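Enquirer: Supplied structure: query_23.cif, mmCIF, C-alpha atoms and all ligand atoms; chains and numbers go by the auth columns.
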data_run
loop_
_atom_site.group_PDB
_atom_site.id
_atom_site.type_symbol
_atom_site.label_atom_id
_atom_site.label_comp_id
_atom_site.label_asym_id
_atom_site.label_seq_id
_atom_site.Cartn_x
_atom_site.Cartn_y
_atom_site.Cartn_z
_atom_site.B_iso_or_equiv
_atom_site.auth_seq_id
_atom_site.auth_asym_id
ATOM 1 C CA MET A 1 -21.244 14.486 -4.706 0.00 1 A
ATOM 2 C CA SER A 2 -18.835 11.810 -5.909 0.00 2 A
ATOM 3 C CA GLU A 3 -17.860 8.993 -3.574 0.00 3 A
ATOM 4 C CA GLN A 4 -14.227 9.194 -4.688 0.00 4 A
ATOM 5 C CA PHE A 5 -12.898 11.032 -1.645 0.00 5 A
ATOM 6 C CA LYS A 6 -15.545 10.202 0.926 0.00 6 A
ATOM 7 C CA GLY A 7 -14.101 9.755 4.414 0.00 7 A
ATOM 8 C CA GLN A 8 -10.696 11.108 3.506 0.00 8 A
ATOM 9 C CA VAL A 9 -8.979 13.758 5.602 0.00 9 A
ATOM 10 C CA ALA A 10 -7.279 16.854 4.204 0.00 10 A
ATOM 11 C CA ILE A 11 -4.966 19.262 5.970 0.00 11 A
ATOM 12 C CA ILE A 12 -5.223 22.719 4.444 0.00 12 A
ATOM 13 C CA THR A 13 -2.845 25.452 5.547 0.00 13 A
ATOM 14 C CA GLY A 14 -3.818 29.095 5.179 0.00 14 A
ATOM 15 C CA ALA A 15 -7.408 27.887 5.388 0.00 15 A
ATOM 16 C CA ALA A 16 -8.858 30.938 7.142 0.00 16 A
ATOM 17 C CA SER A 17 -9.102 32.961 3.948 0.00 17 A
ATOM 18 C CA GLY A 18 -8.528 33.208 0.221 0.00 18 A
ATOM 19 C CA LEU A 19 -7.502 30.141 -1.732 0.00 19 A
ATOM 20 C CA GLY A 20 -7.188 27.927 1.364 0.00 20 A
ATOM 21 C CA LEU A 21 -10.743 28.641 2.474 0.00 21 A
ATOM 22 C CA ALA A 22 -12.109 28.143 -1.040 0.00 22 A
ATOM 23 C CA ILE A 23 -10.292 24.801 -1.287 0.00 23 A
ATOM 24 C CA ALA A 24 -11.583 23.785 2.164 0.00 24 A
ATOM 25 C CA LYS A 25 -15.162 24.444 1.042 0.00 25 A
ATOM 26 C CA LYS A 26 -14.698 22.507 -2.183 0.00 26 A
ATOM 27 C CA LEU A 27 -13.087 19.481 -0.521 0.00 27 A
ATOM 28 C CA HIS A 28 -15.703 19.484 2.261 0.00 28 A
ATOM 29 C CA ALA A 29 -18.429 19.467 -0.401 0.00 29 A
ATOM 30 C CA GLU A 30 -16.755 16.339 -1.826 0.00 30 A
ATOM 31 C CA GLY A 31 -17.188 14.540 1.499 0.00 31 A
ATOM 32 C CA ILE A 32 -13.661 15.153 2.739 0.00 32 A
ATOM 33 C CA ARG A 33 -13.072 16.001 6.393 0.00 33 A
ATOM 34 C CA VAL A 34 -10.922 19.119 6.533 0.00 34 A
ATOM 35 C CA ALA A 35 -8.361 20.145 9.141 0.00 35 A
ATOM 36 C CA MET A 36 -7.936 23.891 8.712 0.00 36 A
ATOM 37 C CA LEU A 37 -4.578 25.330 9.793 0.00 37 A
ATOM 38 C CA ASP A 38 -3.968 29.045 9.967 0.00 38 A
ATOM 39 C CA LEU A 39 -2.059 31.620 11.938 0.00 39 A
ATOM 40 C CA ASN A 40 -5.197 33.619 12.620 0.00 40 A
ATOM 41 C CA GLN A 41 -6.981 31.813 15.461 0.00 41 A
ATOM 42 C CA ASP A 42 -10.312 33.676 15.408 0.00 42 A
ATOM 43 C CA ALA A 43 -10.571 33.639 11.627 0.00 43 A
ATOM 44 C CA THR A 44 -9.743 29.924 11.498 0.00 44 A
ATOM 45 C CA GLN A 45 -12.466 29.123 14.033 0.00 45 A
ATOM 46 C CA ALA A 46 -15.000 31.220 12.135 0.00 46 A
ATOM 47 C CA ALA A 47 -13.954 29.724 8.807 0.00 47 A
ATOM 48 C CA SER A 48 -14.249 26.147 10.057 0.00 48 A
ATOM 49 C CA GLN A 49 -17.792 26.849 11.258 0.00 49 A
ATOM 50 C CA GLU A 50 -18.583 28.377 7.884 0.00 50 A
ATOM 51 C CA VAL A 51 -17.280 25.303 6.063 0.00 51 A
ATOM 52 C CA GLY A 52 -19.355 22.793 8.015 0.00 52 A
ATOM 53 C CA GLU A 53 -19.564 20.037 10.577 0.00 53 A
ATOM 54 C CA ASN A 54 -16.713 17.965 9.135 0.00 54 A
ATOM 55 C CA ALA A 55 -14.267 20.856 9.381 0.00 55 A
ATOM 56 C CA ALA A 56 -12.096 21.689 12.359 0.00 56 A
ATOM 57 C CA ALA A 57 -9.798 24.584 13.164 0.00 57 A
ATOM 58 C CA PHE A 58 -6.156 24.103 14.161 0.00 58 A
ATOM 59 C CA PRO A 59 -4.565 27.514 14.732 0.00 59 A
ATOM 60 C CA ALA A 60 -0.809 27.383 14.168 0.00 60 A
ATOM 61 C CA ASP A 61 2.133 29.216 12.694 0.00 61 A
ATOM 62 C CA ILE A 62 3.482 26.909 9.993 0.00 62 A
ATOM 63 C CA THR A 63 6.998 28.237 10.537 0.00 63 A
ATOM 64 C CA ASP A 64 6.951 26.882 14.093 0.00 64 A
ATOM 65 C CA GLU A 65 7.844 23.183 14.201 0.00 65 A
ATOM 66 C CA ALA A 66 6.445 22.651 17.685 0.00 66 A
ATOM 67 C CA GLN A 67 3.088 24.195 16.810 0.00 67 A
ATOM 68 C CA VAL A 68 2.850 22.200 13.604 0.00 68 A
ATOM 69 C CA GLY A 69 3.823 18.968 15.387 0.00 69 A
ATOM 70 C CA SER A 70 1.173 19.569 18.024 0.00 70 A
ATOM 71 C CA CYS A 71 -1.468 20.247 15.358 0.00 71 A
ATOM 72 C CA ILE A 72 -0.611 17.127 13.391 0.00 72 A
ATOM 73 C CA ALA A 73 -0.950 15.073 16.572 0.00 73 A
ATOM 74 C CA GLN A 74 -4.337 16.653 17.343 0.00 74 A
ATOM 75 C CA ILE A 75 -5.506 16.020 13.769 0.00 75 A
ATOM 76 C CA GLY A 76 -4.440 12.380 14.068 0.00 76 A
ATOM 77 C CA GLN A 77 -6.322 12.005 17.327 0.00 77 A
ATOM 78 C CA ARG A 78 -9.423 13.689 15.968 0.00 78 A
ATOM 79 C CA PHE A 79 -9.631 12.149 12.492 0.00 79 A
ATOM 80 C CA GLY A 80 -7.362 9.082 12.670 0.00 80 A
ATOM 81 C CA ARG A 81 -5.877 9.515 9.209 0.00 81 A
ATOM 82 C CA ILE A 82 -4.377 12.059 6.802 0.00 82 A
ATOM 83 C CA ASP A 83 -4.808 11.655 3.046 0.00 83 A
ATOM 84 C CA ILE A 84 -4.328 15.062 1.478 0.00 84 A
ATOM 85 C CA LEU A 85 -2.152 18.086 2.177 0.00 85 A
ATOM 86 C CA VAL A 86 -2.810 21.495 0.625 0.00 86 A
ATOM 87 C CA ASN A 87 -0.032 23.994 1.368 0.00 87 A
ATOM 88 C CA SER A 88 -1.918 27.247 0.770 0.00 88 A
ATOM 89 C CA ALA A 89 -0.597 29.439 3.600 0.00 89 A
ATOM 90 C CA GLY A 90 1.544 32.178 2.160 0.00 90 A
ATOM 91 C CA VAL A 91 2.502 35.809 2.247 0.00 91 A
ATOM 92 C CA THR A 92 3.520 38.195 -0.518 0.00 92 A
ATOM 93 C CA GLY A 93 5.702 40.484 1.553 0.00 93 A
ATOM 94 C CA ARG A 94 5.882 44.141 0.638 0.00 94 A
ATOM 95 C CA THR A 95 4.682 44.707 -2.908 0.00 95 A
ATOM 96 C CA ASN A 96 4.665 47.588 -5.405 0.00 96 A
ATOM 97 C CA VAL A 97 8.229 48.560 -4.566 0.00 97 A
ATOM 98 C CA LYS A 98 11.297 48.645 -6.751 0.00 98 A
ATOM 99 C CA SER A 99 13.567 45.616 -6.438 0.00 99 A
ATOM 100 C CA HIS A 100 16.335 47.595 -4.729 0.00 100 A
ATOM 101 C CA GLU A 101 13.802 48.792 -2.133 0.00 101 A
ATOM 102 C CA VAL A 102 12.960 45.277 -0.976 0.00 102 A
ATOM 103 C CA GLU A 103 14.293 44.740 2.522 0.00 103 A
ATOM 104 C CA LEU A 104 16.203 41.556 3.228 0.00 104 A
ATOM 105 C CA ALA A 105 14.156 40.842 6.365 0.00 105 A
ATOM 106 C CA ASP A 106 10.953 41.014 4.323 0.00 106 A
ATOM 107 C CA PHE A 107 12.408 38.802 1.592 0.00 107 A
ATOM 108 C CA ARG A 108 13.514 36.274 4.216 0.00 108 A
ATOM 109 C CA ARG A 109 10.051 36.270 5.860 0.00 109 A
ATOM 110 C CA VAL A 110 8.395 35.411 2.527 0.00 110 A
ATOM 111 C CA PHE A 111 10.708 32.428 2.126 0.00 111 A
ATOM 112 C CA GLU A 112 10.281 31.441 5.766 0.00 112 A
ATOM 113 C CA VAL A 113 6.494 31.196 5.404 0.00 113 A
ATOM 114 C CA ASN A 114 6.072 30.107 1.782 0.00 114 A
ATOM 115 C CA VAL A 115 8.987 27.702 1.482 0.00 115 A
ATOM 116 C CA VAL A 116 10.217 26.691 4.940 0.00 116 A
ATOM 117 C CA GLY A 117 6.682 26.607 6.392 0.00 117 A
ATOM 118 C CA SER A 118 5.471 24.287 3.643 0.00 118 A
ATOM 119 C CA PHE A 119 8.565 22.132 4.188 0.00 119 A
ATOM 120 C CA ILE A 120 7.787 21.847 7.916 0.00 120 A
ATOM 121 C CA VAL A 121 4.175 20.812 7.378 0.00 121 A
ATOM 122 C CA SER A 122 4.834 18.331 4.575 0.00 122 A
ATOM 123 C CA PRO A 123 6.663 15.497 6.375 0.00 123 A
ATOM 124 C CA GLY A 124 4.340 15.875 9.366 0.00 124 A
ATOM 125 C CA ALA A 125 1.356 15.235 7.182 0.00 125 A
ATOM 126 C CA SER A 126 2.585 11.860 5.990 0.00 126 A
ATOM 127 C CA PHE A 127 0.057 10.281 3.697 0.00 127 A
ATOM 128 C CA THR A 128 -0.697 7.229 5.723 0.00 128 A
ATOM 129 C CA THR A 129 -3.114 5.732 8.177 0.00 129 A
ATOM 130 C CA GLY A 130 -2.657 4.097 11.528 0.00 130 A
ATOM 131 C CA PHE A 131 0.247 6.268 12.564 0.00 131 A
ATOM 132 C CA THR A 132 1.386 6.940 16.077 0.00 132 A
ATOM 133 C CA PHE A 133 2.932 10.142 17.262 0.00 133 A
ATOM 134 C CA ASP A 134 6.187 10.967 18.969 0.00 134 A
ATOM 135 C CA LEU A 135 6.314 14.648 19.696 0.00 135 A
ATOM 136 C CA THR A 136 9.726 14.600 21.328 0.00 136 A
ATOM 137 C CA GLY A 137 11.503 17.713 20.196 0.00 137 A
ATOM 138 C CA GLY A 138 8.282 19.247 18.972 0.00 138 A
ATOM 139 C CA ARG A 139 8.159 17.277 15.748 0.00 139 A
ATOM 140 C CA ALA A 140 5.550 14.697 14.849 0.00 140 A
ATOM 141 C CA THR A 141 7.143 11.477 13.669 0.00 141 A
ATOM 142 C CA TYR A 142 5.564 8.160 12.872 0.00 142 A
HETATM 143 N N1 LIG B . -5.021 34.610 -4.617 0.00 1 R
HETATM 144 C C1 LIG B . -4.353 34.499 -5.762 0.00 1 R
HETATM 145 O O1 LIG B . -4.851 34.788 -6.853 0.00 1 R
HETATM 146 C C2 LIG B . -2.922 33.989 -5.739 0.00 1 R
HETATM 147 C C3 LIG B . -2.272 33.794 -6.959 0.00 1 R
HETATM 148 C C4 LIG B . -0.961 33.287 -6.949 0.00 1 R
HETATM 149 C C5 LIG B . -0.345 33.012 -5.749 0.00 1 R
HETATM 150 N N2 LIG B . -1.004 33.243 -4.594 0.00 1 R
HETATM 151 C C6 LIG B . -0.304 32.915 -3.368 0.00 1 R
HETATM 152 O O2 LIG B . -1.011 31.866 -2.704 0.00 1 R
HETATM 153 C C7 LIG B . -0.918 32.068 -1.290 0.00 1 R
HETATM 154 C C8 LIG B . -2.326 32.187 -0.708 0.00 1 R
HETATM 155 O O3 LIG B . -2.989 33.236 -1.358 0.00 1 R
HETATM 156 P P1 LIG B . -4.375 33.789 -0.806 0.00 1 R
HETATM 157 O O4 LIG B . -4.913 34.700 -1.835 0.00 1 R
HETATM 158 O O5 LIG B . -5.217 32.646 -0.339 0.00 1 R
HETATM 159 O O6 LIG B . -3.854 34.673 0.431 0.00 1 R
HETATM 160 P P2 LIG B . -4.614 35.055 1.790 0.00 1 R
HETATM 161 O O7 LIG B . -3.812 36.135 2.416 0.00 1 R
HETATM 162 O O8 LIG B . -6.081 35.277 1.563 0.00 1 R
HETATM 163 O O9 LIG B . -4.509 33.733 2.676 0.00 1 R
HETATM 164 C C9 LIG B . -3.282 33.309 3.203 0.00 1 R
HETATM 165 C C10 LIG B . -3.561 32.697 4.557 0.00 1 R
HETATM 166 O O10 LIG B . -2.318 32.193 5.057 0.00 1 R
HETATM 167 C C11 LIG B . -2.282 32.470 6.442 0.00 1 R
HETATM 168 N N3 LIG B . -0.896 32.506 6.894 0.00 1 R
HETATM 169 C C12 LIG B . 0.041 33.444 6.627 0.00 1 R
HETATM 170 N N4 LIG B . 1.174 33.168 7.267 0.00 1 R
HETATM 171 C C13 LIG B . 0.952 32.016 7.954 0.00 1 R
HETATM 172 C C14 LIG B . 1.753 31.230 8.828 0.00 1 R
HETATM 173 N N5 LIG B . 3.028 31.569 9.128 0.00 1 R
HETATM 174 N N6 LIG B . 1.208 30.130 9.377 0.00 1 R
HETATM 175 C C15 LIG B . -0.085 29.785 9.104 0.00 1 R
HETATM 176 N N7 LIG B . -0.888 30.492 8.290 0.00 1 R
HETATM 177 C C16 LIG B . -0.367 31.597 7.723 0.00 1 R
HETATM 178 C C17 LIG B . -2.965 33.818 6.615 0.00 1 R
HETATM 179 O O11 LIG B . -3.430 34.008 7.933 0.00 1 R
HETATM 180 C C18 LIG B . -4.090 33.713 5.589 0.00 1 R
HETATM 181 O O12 LIG B . -5.300 33.257 6.171 0.00 1 R
HETATM 182 C C19 LIG B . -0.089 33.340 -1.072 0.00 1 R
HETATM 183 O O13 LIG B . 1.267 32.972 -0.892 0.00 1 R
HETATM 184 C C20 LIG B . -0.271 34.067 -2.391 0.00 1 R
HETATM 185 O O14 LIG B . 0.819 34.932 -2.654 0.00 1 R
HETATM 186 C C21 LIG B . -2.273 33.708 -4.564 0.00 1 R
#
Can I see the file as structure tokens?

Expert:
Amino acid sequence: MSEQFKGQVAIITGAASGLGLAIAKKLHAEGIRVAMLDLNQDATQAASQEVGENAAAFPADITDEAQVGSCIAQIGQRFGRIDILVNSAGVTGRTNVKSHEVELADFRRVFEVNVVGSFIVSPGASFTTGFTFDLTGGRATY
């Protein structure tokens, strides 16, 4: 294990499965403490236990500002710093359909999770240390 990232803290969204979980395992193996965010509460808890003692589960819907703000505050309290953000949560929407069969609501949901959700998490996970939290309005600011 390299010492390059030792003690750092990573937030990983979509960490209960797939790419997010694989990234969580890899970063944890590098000595990074990982805060695992995912919509799926049970799967996130199970995944964090699978990853190891320096992993913690933070169930949240990344499209919900209040939930994300609350998670960021909890991560700050638990780990005291945030160094890395991996936006891996995402959905594909309905696939294997012709373009004219795609429903607007489905198309919008993909953008809401993949684009807007990542936008919501990104400023919350400011790459700094020693921050304080103001959750007024459901958004973490520091
Ligand atoms: N796996 C690949 O080869 C691949 C390739 C290119 C792009 N992608 C894209 O990367 C993203 C992740 O892929 P994956 O294979 O890990 O998918 P996955 O379905 O295994 O994992 C996505 C995770 O995101 C979580 N999630 C979904 N909506 C959420 C929300 N609103 N809030 C919080 N968490 C939410 C899910 O619960 C799930 O655990 C997807 O957008 C996918 O389309 C994947």

Enquirer: Any chance you could resolve the PyMOL selection byres (((chain A and resi 17) around 9) and not hetatm) against this file and give the residues as number ranges by chain?

Expert: A: 14-16, 18-22, 38, 43-44, 47

Enquirer: Let me make sure I understand: among A:Gln8, A:Asn87, A:Thr92, A:Gln77, which one has the smallest atom-to-atom distance to ligand LIG 1 (chain R) if we use all atoms listed in the file?

Expert: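 The shortest atom-to-atom distance to ligand LIG 1 (chain R) comes from A:Thr92.
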
Enquirer: Do you have, as a Markdown table, the list of residues of region 19-113 of chain A lying at most 10 Å from region 118-121 of chain A, each with its nearest atom pair and that distance in Å to one decimal, counting only C-alpha atoms and ordered by chain then number?

Expert:
| residue | atom | partner | partner_atom | distance |
| --- | --- | --- | --- | --- |
| A:Ile62 | CA | A:Val121 | CA | 6.7 |
| A:Thr63 | CA | A:Ile120 | CA | 7.0 |
| A:Asp64 | CA | A:Ile120 | CA | 8.0 |
| A:Glu65 | CA | A:Ile120 | CA | 6.4 |
| A:Ala66 | CA | A:Ile120 | CA | 9.9 |
| A:Val68 | CA | A:Val121 | CA | 6.5 |
| A:Gly69 | CA | A:Val121 | CA | 8.2 |
| A:Cys71 | CA | A:Val121 | CA | 9.8 |
| A:Ile72 | CA | A:Val121 | CA | 8.5 |
| A:Leu85 | CA | A:Val121 | CA | 8.6 |
| A:Val86 | CA | A:Ser118 | CA | 9.2 |
| A:Asn87 | CA | A:Ser118 | CA | 6.0 |
| A:Ser88 | CA | A:Ser118 | CA | 8.5 |
| A:Ala89 | CA | A:Ser118 | CA | 8.0 |
| A:Gly90 | CA | A:Ser118 | CA | 8.9 |
| A:Phe111 | CA | A:Ser118 | CA | 9.8 |
| A:Glu112 | CA | A:Ser118 | CA | 8.9 |
| A:Val113 | CA | A:Ser118 | CA | 7.2 |

Enquirer: Please, what distance in Å, to one decimal, runs between CA of Asn54 (chain A) and CA of Val116 (chain A)?

Expert: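 These atoms are spaced 28.6 Å apart.
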
Enquirer: With a distance cut-off of 12 Å and all atoms listed in the file, select the neighbouring residues of Gln4 (chain A), excluding the residue or stretch itself and same-chain residues fewer than 4 positions from it, and output the selection as a VMD selection string.

Expert: chain A and resid 8 27 29 to 32

Enquirer: Hey, which of A:Gln49, A:Gln67, A:Ser99, A:Gln74 ends up closest to ligand LIG 1 (chain R)? Count only C-alpha atoms and all ligand atoms.

Expert: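 Ranking A:Gln49, A:Gln67, A:Ser99, A:Gln74 by distance to ligand LIG 1 (chain R), first place goes to A:Gln67.
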
Enquirer: Which is closest to ligand LIG 1 (chain R) among A:Val34, A:Ala56, A:Ile75, A:Ala24, if we use all atoms listed in the file?

Expert: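 Among the listed residues, A:Ala24 lies closest to ligand LIG 1 (chain R).
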
Enquirer: Which distance in Å separates CA of Asn40 (chain A) and atom O13 of ligand LIG 1 (chain R), to one decimal?

Expert: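 So the two atoms, CA of Asn40 (chain A) and atom O13 of ligand LIG 1 (chain R), lie 15.0 Å apart.
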
Enquirer: Restricting the calculation to only C-alpha atoms and all ligand atoms: of A:Val91, A:Met36, A:Ala105, A:Val97, which residue gets closest to ligand LIG 1 (chain R)?

Expert: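 Distance minimum relative to ligand LIG 1 (chain R) lands on A:Val91.
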
Enquirer: As an exercise, work out the distance from CA of Glu103 (chain A) to CA of Ile12 (chain A) in Å and give it to one decimal place.

Expert: 29.5 Å

Enquirer: Name the closest residue to ligand LIG 1 (chain R) among the candidates A:Glu101, A:Asp61, A:Asp106, A:Asp83; distances are taken between atoms, counting all atoms listed in the file.

Expert: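 Closest residue, counting all atoms listed in the file: A:Asp61.
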
Enquirer: For ligand LIG 1 (chain R), which residue out of A:Ile11, A:Val110, A:Ala46, A:Ala35 is the nearest one, using all atoms listed in the file?

Expert: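 Going through A:Ile11, A:Val110, A:Ala46, A:Ala35 one by one, the smallest distance to ligand LIG 1 (chain R) is for A:Val110.
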